[in-house]
Amino acid sequence: MKAHINYLILLLFIATGLIGCQVEDPELGPAPSGEQVKFSASPSSENANIITFRNESGAVNRAVWDLGNGQTGAGDQITGTFPLSGDYVVKLTIYTSGGSASSTQTINIAQTRPEMLDRPDYNFLTGGGSNVPGKTWVIDKEASGHLGVGPAEKSVPEWYTAAPNEKKDLGFYDDEMTFTLSNNLAYTYVNNGDTFANGANAAGINGGGPGDDRPVAYAPPAGMKWSITEEGGKQFLSISGGGFIAYYTGMSKYEILALSDTELYLKAADKANPANAWYLKLVPKGYTRPIVEKPLKTANLLDKFDGTGAIAWRADAIVFKPNFDNPFPQGLHKDAKVAYYERLEGEANQYGNLQTTLDYRIDLSTRNKFKMKVFFPGGNEYPAVKQQVAVKLQNSLAGGNAWQTQTEIVKQVSQLNQWVELEFDFSSISSTIIYDQIVIQPGGEGHQTPGIFYLGLFELQ
């Protein structure tokens with residue numbers, strides 16, 4: 001029993017970074033020494049700049065690599081890509097029941113292989129070999145979801161997406177990240193004094209203990225490098241020297257979800273909360289999103305929120321769960337499945353809503369009445385939570401100013417604990433042809449009180 005408890009304590013040390021200590025309890029086994037840590041380096045027969053490293057230390061609990069080129073990984077074998085000539089210090093750290101130990105080797109790459117640098121992902125990220133200063137990226141502050149969070153095992157930010165310009169004045173939008181092919185794949189981070197840090201991880205850049213996300217006075221290090229690697233069919237962008245991109249989550253490795261000449265979409269782990277994954281959208285500095293003309297269209301819009309609807313909803317600072325069990329399958333709505341909508345507490349969430357952006361502009365000339373079924377539980381904190389539902393039509397092409405284009409209709413919900421049907425009549429603007437975005441907002445806005453609601457139907461009649 002004692003050995004089991006001590007082993008759990010050791011795992012806690014490893015998880016929190018308190019590793020490398022000598023463990024004196026003989027029941028755990030002796031701590032490894034640096035001399036025990038051995039690994040081989042085997043260049044590819046086709047390309048000497050591609051090297052496979054193998055752990056030769058024997059059986060270990062975990063082997064962790066830092067290849068000195070920005071690439072990191074775990075496992076008994078890892079393959080590194082070194083397109084540029086130079087010396088690289090490769091470090092292997094092994095973990096056993098008794099502790100951890102590390103060893104390094106210096107790998108010399110004799111010559112630069114320019115053909116390894118001329119590839120689409122490198123060129124998108126840096127602007128290519130002819131762009132000597134490199135390419136500078138910034139947070140895409142005008143886009144919904146430029147910051148988001150969701151479950152670590154998913155690839156979408158299910159829990160939260162930031163609205164356009166929501167994080168202004170927090171040391172986030174003035175950060176500049178520059179990637180170059182020259183100078184051995186250099187990465188430069190300019191934060192203009194402050195970095196926006198995740199509250200649970202802020203201590204990693206001396207930003208204090210756990211709390212809300214906040215700007216932290218931070219001086220980025222010089223000499224950082226970047227690398228792109230493939231693991232398990234996925235691409236990853238890594239920054240050396242503990243570097244990161246704009247929003248600090250304690251991690252330096254990002255899964256690349258999208259990379260083009262005008263888009264960089266990344267997923268990052270959360271060091272303090274491994275169940276979470278964070279999302280960042282970036283665009284090149286100075287990039288202006290082109291105005292996309294959309295056709296005017298009359299079309300069916302219907303969602304019963306049972307998993308069969310064709311409307312692509314986006315949750316903005318709320319919790320949204322379609323295909324949820326109906327809490328009251330009686331009265332006006334007896335369907336088994338509905339949508340769960342939760343307003344979140346706090347200043348950052350007071351304008352939360354559910355929205356969709358269509359690939360066409362809504363022709364309101366013949367269809368201009370939206371029908372909706374809602375259920376307001378009696379347990380919400382009324383009247384701080386408003387007994388109302390707002391439906392807003394907006395022009396998404398206005399970006400962060402879309403709300404300034406909106407026409408809004410608000411309907412009161414007079415009855416609690418039962419399904420109510422509401423109608424939103426936009427016939428007074430039937431000649432308006434600019435709207436392509438629909439926003440639904442139960443419970444009001446401009447306040448910080450949480451609330452729970454259910455949606456049973458949304459339809460453009």
# chains A, B, ... in the order shown; residues from 1 in each chain; ligands from 1

call {"tool": "residues_around", "arguments": {"residues": "A:Glu347", "least_positions_apart": "4", "cutoff": "10 Å", "atoms": "only C-alpha atoms", "output": "JSON, numbers by chain"}}
result
{"A": [351, 446, 447, 448, 449]}

call {"tool": "write_last_selection", "arguments": {"atoms": "all heavy atoms", "output": "compact mmCIF listing (two decimals), in the first residue's frame"}}
result
# COMPACT_ATOMS: atom_id res chain seq x y z
N TYR A 351 -23.10 39.18 -23.13
CA TYR A 351 -23.73 39.33 -24.44
C TYR A 351 -23.76 38.00 -25.20
O TYR A 351 -23.83 37.97 -26.42
CB TYR A 351 -23.00 40.40 -25.26
CG TYR A 351 -23.14 41.78 -24.64
CD1 TYR A 351 -22.13 42.29 -23.83
CD2 TYR A 351 -24.29 42.53 -24.82
CE1 TYR A 351 -22.26 43.54 -23.23
CE2 TYR A 351 -24.44 43.78 -24.23
CZ TYR A 351 -23.42 44.28 -23.44
OH TYR A 351 -23.57 45.51 -22.84
N GLY A 446 -26.50 42.28 -21.38
CA GLY A 446 -26.02 43.40 -20.59
C GLY A 446 -26.06 43.16 -19.09
O GLY A 446 -25.94 44.09 -18.30
N HIS A 447 -26.24 41.90 -18.68
CA HIS A 447 -26.18 41.56 -17.25
C HIS A 447 -25.37 40.28 -17.09
O HIS A 447 -25.12 39.56 -18.06
CB HIS A 447 -27.58 41.41 -16.66
CG HIS A 447 -28.36 40.26 -17.23
ND1 HIS A 447 -28.27 38.98 -16.75
CD2 HIS A 447 -29.25 40.20 -18.27
CE1 HIS A 447 -29.07 38.18 -17.42
NE2 HIS A 447 -29.69 38.89 -18.36
N GLN A 448 -24.94 40.00 -15.87
CA GLN A 448 -24.01 38.90 -15.61
C GLN A 448 -24.67 37.70 -14.92
O GLN A 448 -23.99 36.82 -14.42
CB GLN A 448 -22.84 39.40 -14.76
CG GLN A 448 -22.09 40.56 -15.40
CD GLN A 448 -20.92 41.02 -14.57
OE1 GLN A 448 -20.29 40.22 -13.86
NE2 GLN A 448 -20.61 42.31 -14.63
N THR A 449 -26.00 37.66 -14.90
CA THR A 449 -26.71 36.60 -14.20
C THR A 449 -26.89 35.38 -15.10
O THR A 449 -27.36 35.52 -16.23
CB THR A 449 -28.10 37.09 -13.76
OG1 THR A 449 -27.95 38.31 -13.03
CG2 THR A 449 -28.78 36.05 -12.88

call {"tool": "residues_around", "arguments": {"residues": "stretch 387-391 of chain A", "least_positions_apart": "3", "cutoff": "7 Å", "atoms": "only C-alpha atoms", "output": "PyMOL selection string"}}
result
chain A and resi 408-413+439-444

call {"tool": "write_last_selection", "arguments": {"atoms": "N, CA and C atoms", "output": "PDB file, in the first residue's frame"}}
result
ATOM      1  N   GLU A 408     -33.779  44.120 -34.542  1.00  0.00           N
ATOM      2  CA  GLU A 408     -34.038  43.224 -33.407  1.00  0.00           C
ATOM      3  C   GLU A 408     -35.517  43.262 -33.029  1.00  0.00           C
ATOM      4  N   ILE A 409     -36.060  42.078 -32.757  1.00  0.00           N
ATOM      5  CA  ILE A 409     -37.405  41.964 -32.205  1.00  0.00           C
ATOM      6  C   ILE A 409     -37.317  41.177 -30.902  1.00  0.00           C
ATOM      7  N   VAL A 410     -37.914  41.709 -29.855  1.00  0.00           N
ATOM      8  CA  VAL A 410     -37.903  41.081 -28.531  1.00  0.00           C
ATOM      9  C   VAL A 410     -39.325  40.676 -28.163  1.00  0.00           C
ATOM     10  N   LYS A 411     -39.483  39.428 -27.733  1.00  0.00           N
ATOM     11  CA  LYS A 411     -40.785  38.922 -27.296  1.00  0.00           C
ATOM     12  C   LYS A 411     -40.701  38.483 -25.831  1.00  0.00           C
ATOM     13  N   GLN A 412     -41.715  38.847 -25.057  1.00  0.00           N
ATOM     14  CA  GLN A 412     -41.764  38.465 -23.657  1.00  0.00           C
ATOM     15  C   GLN A 412     -42.274  37.032 -23.505  1.00  0.00           C
ATOM     16  N   VAL A 413     -41.742  36.328 -22.522  1.00  0.00           N
ATOM     17  CA  VAL A 413     -42.189  34.974 -22.191  1.00  0.00           C
ATOM     18  C   VAL A 413     -42.981  35.081 -20.891  1.00  0.00           C
ATOM     19  N   VAL A 439     -29.328  35.851 -34.987  1.00  0.00           N
ATOM     20  CA  VAL A 439     -28.888  35.742 -33.603  1.00  0.00           C
ATOM     21  C   VAL A 439     -30.107  35.494 -32.720  1.00  0.00           C
ATOM     22  N   ILE A 440     -30.013  34.490 -31.851  1.00  0.00           N
ATOM     23  CA  ILE A 440     -31.064  34.181 -30.876  1.00  0.00           C
ATOM     24  C   ILE A 440     -30.496  34.415 -29.485  1.00  0.00           C
ATOM     25  N   GLN A 441     -31.268  35.109 -28.638  1.00  0.00           N
ATOM     26  CA  GLN A 441     -30.735  35.476 -27.320  1.00  0.00           C
ATOM     27  C   GLN A 441     -31.832  35.431 -26.254  1.00  0.00           C
ATOM     28  N   PRO A 442     -32.035  34.275 -25.607  1.00  0.00           N
ATOM     29  CA  PRO A 442     -32.963  34.207 -24.478  1.00  0.00           C
ATOM     30  C   PRO A 442     -32.345  34.859 -23.230  1.00  0.00           C
ATOM     31  N   GLY A 443     -33.198  35.406 -22.377  1.00  0.00           N
ATOM     32  CA  GLY A 443     -32.729  35.875 -21.065  1.00  0.00           C
ATOM     33  C   GLY A 443     -32.168  37.273 -21.026  1.00  0.00           C
ATOM     34  N   GLY A 444     -32.175  37.986 -22.148  1.00  0.00           N
ATOM     35  CA  GLY A 444     -31.669  39.345 -22.164  1.00  0.00           C
ATOM     36  C   GLY A 444     -30.164  39.415 -22.289  1.00  0.00           C
TER      37      GLY A 444
END

call {"tool": "residues_around", "arguments": {"residues": "A:Lys154", "least_positions_apart": "3", "cutoff": "12 Å", "atoms": "only C-alpha atoms", "output": "JSON, numbers by chain"}}
result
{"A": [149, 150, 151, 157, 158, 159, 255, 257, 267, 268, 269, 275, 276, 277, 278, 279]}

call {"tool": "residues_around", "arguments": {"residues": "A:Tyr360", "least_positions_apart": "3", "cutoff": "12 Å", "atoms": "only C-alpha atoms", "output": "ChimeraX atom specification"}}
result
/A:292-299,356-357,363,395-397,433-438

call {"tool": "atom_distance", "arguments": {"atom1": "atom CA of A:Pro284", "atom2": "atom CA of A:Thr126"}}
result
10.0 Å

call {"tool": "residues_around", "arguments": {"residues": "stretch 161-173 of chain A", "least_positions_apart": "4", "cutoff": "10 Å", "atoms": "only C-alpha atoms", "output": "PyMOL selection string"}}
result
chain A and resi 138-150+156-157+191-197+213-217+246-247+278-280+314-318+348-349+351-353+399-402

call {"tool": "residues_around", "arguments": {"residues": "A:Gln406", "least_positions_apart": "5", "cutoff": "7 Å", "atoms": "only C-alpha atoms", "output": "NGL selection string"}}
result
:A and (392-394)

call {"tool": "write_last_selection", "arguments": {"atoms": "N, CA, C and O atoms", "output": "compact mmCIF listing (two decimals), in the first residue's frame"}}
result
# COMPACT_ATOMS: atom_id res chain seq x y z
N LYS A 392 -32.37 38.59 -33.71
CA LYS A 392 -31.73 39.71 -34.39
C LYS A 392 -31.28 39.26 -35.78
O LYS A 392 -30.73 38.16 -35.93
N LEU A 393 -31.49 40.09 -36.76
CA LEU A 393 -30.97 39.87 -38.10
C LEU A 393 -29.83 40.85 -38.32
O LEU A 393 -29.98 42.05 -38.07
N GLN A 394 -28.68 40.33 -38.79
CA GLN A 394 -27.50 41.16 -38.94
C GLN A 394 -26.82 40.92 -40.28
O GLN A 394 -27.04 39.88 -40.93

call {"tool": "closest_residue", "arguments": {"among": "A:Val374, A:Leu344, A:Met251, A:Ala384", "to": "A:Trp419", "atoms": "only C-alpha atoms"}}
result
A:Val374

call {"tool": "atom_distance", "arguments": {"atom1": "atom CA of A:Thr52", "atom2": "atom CA of A:Asn123"}}
result
25.0 Å

call {"tool": "residues_around", "arguments": {"residues": "A:Ser227", "least_positions_apart": "3", "cutoff": "8 Å", "atoms": "only C-alpha atoms", "output": "number ranges by chain"}}
result
A: 69-71, 185, 237-239
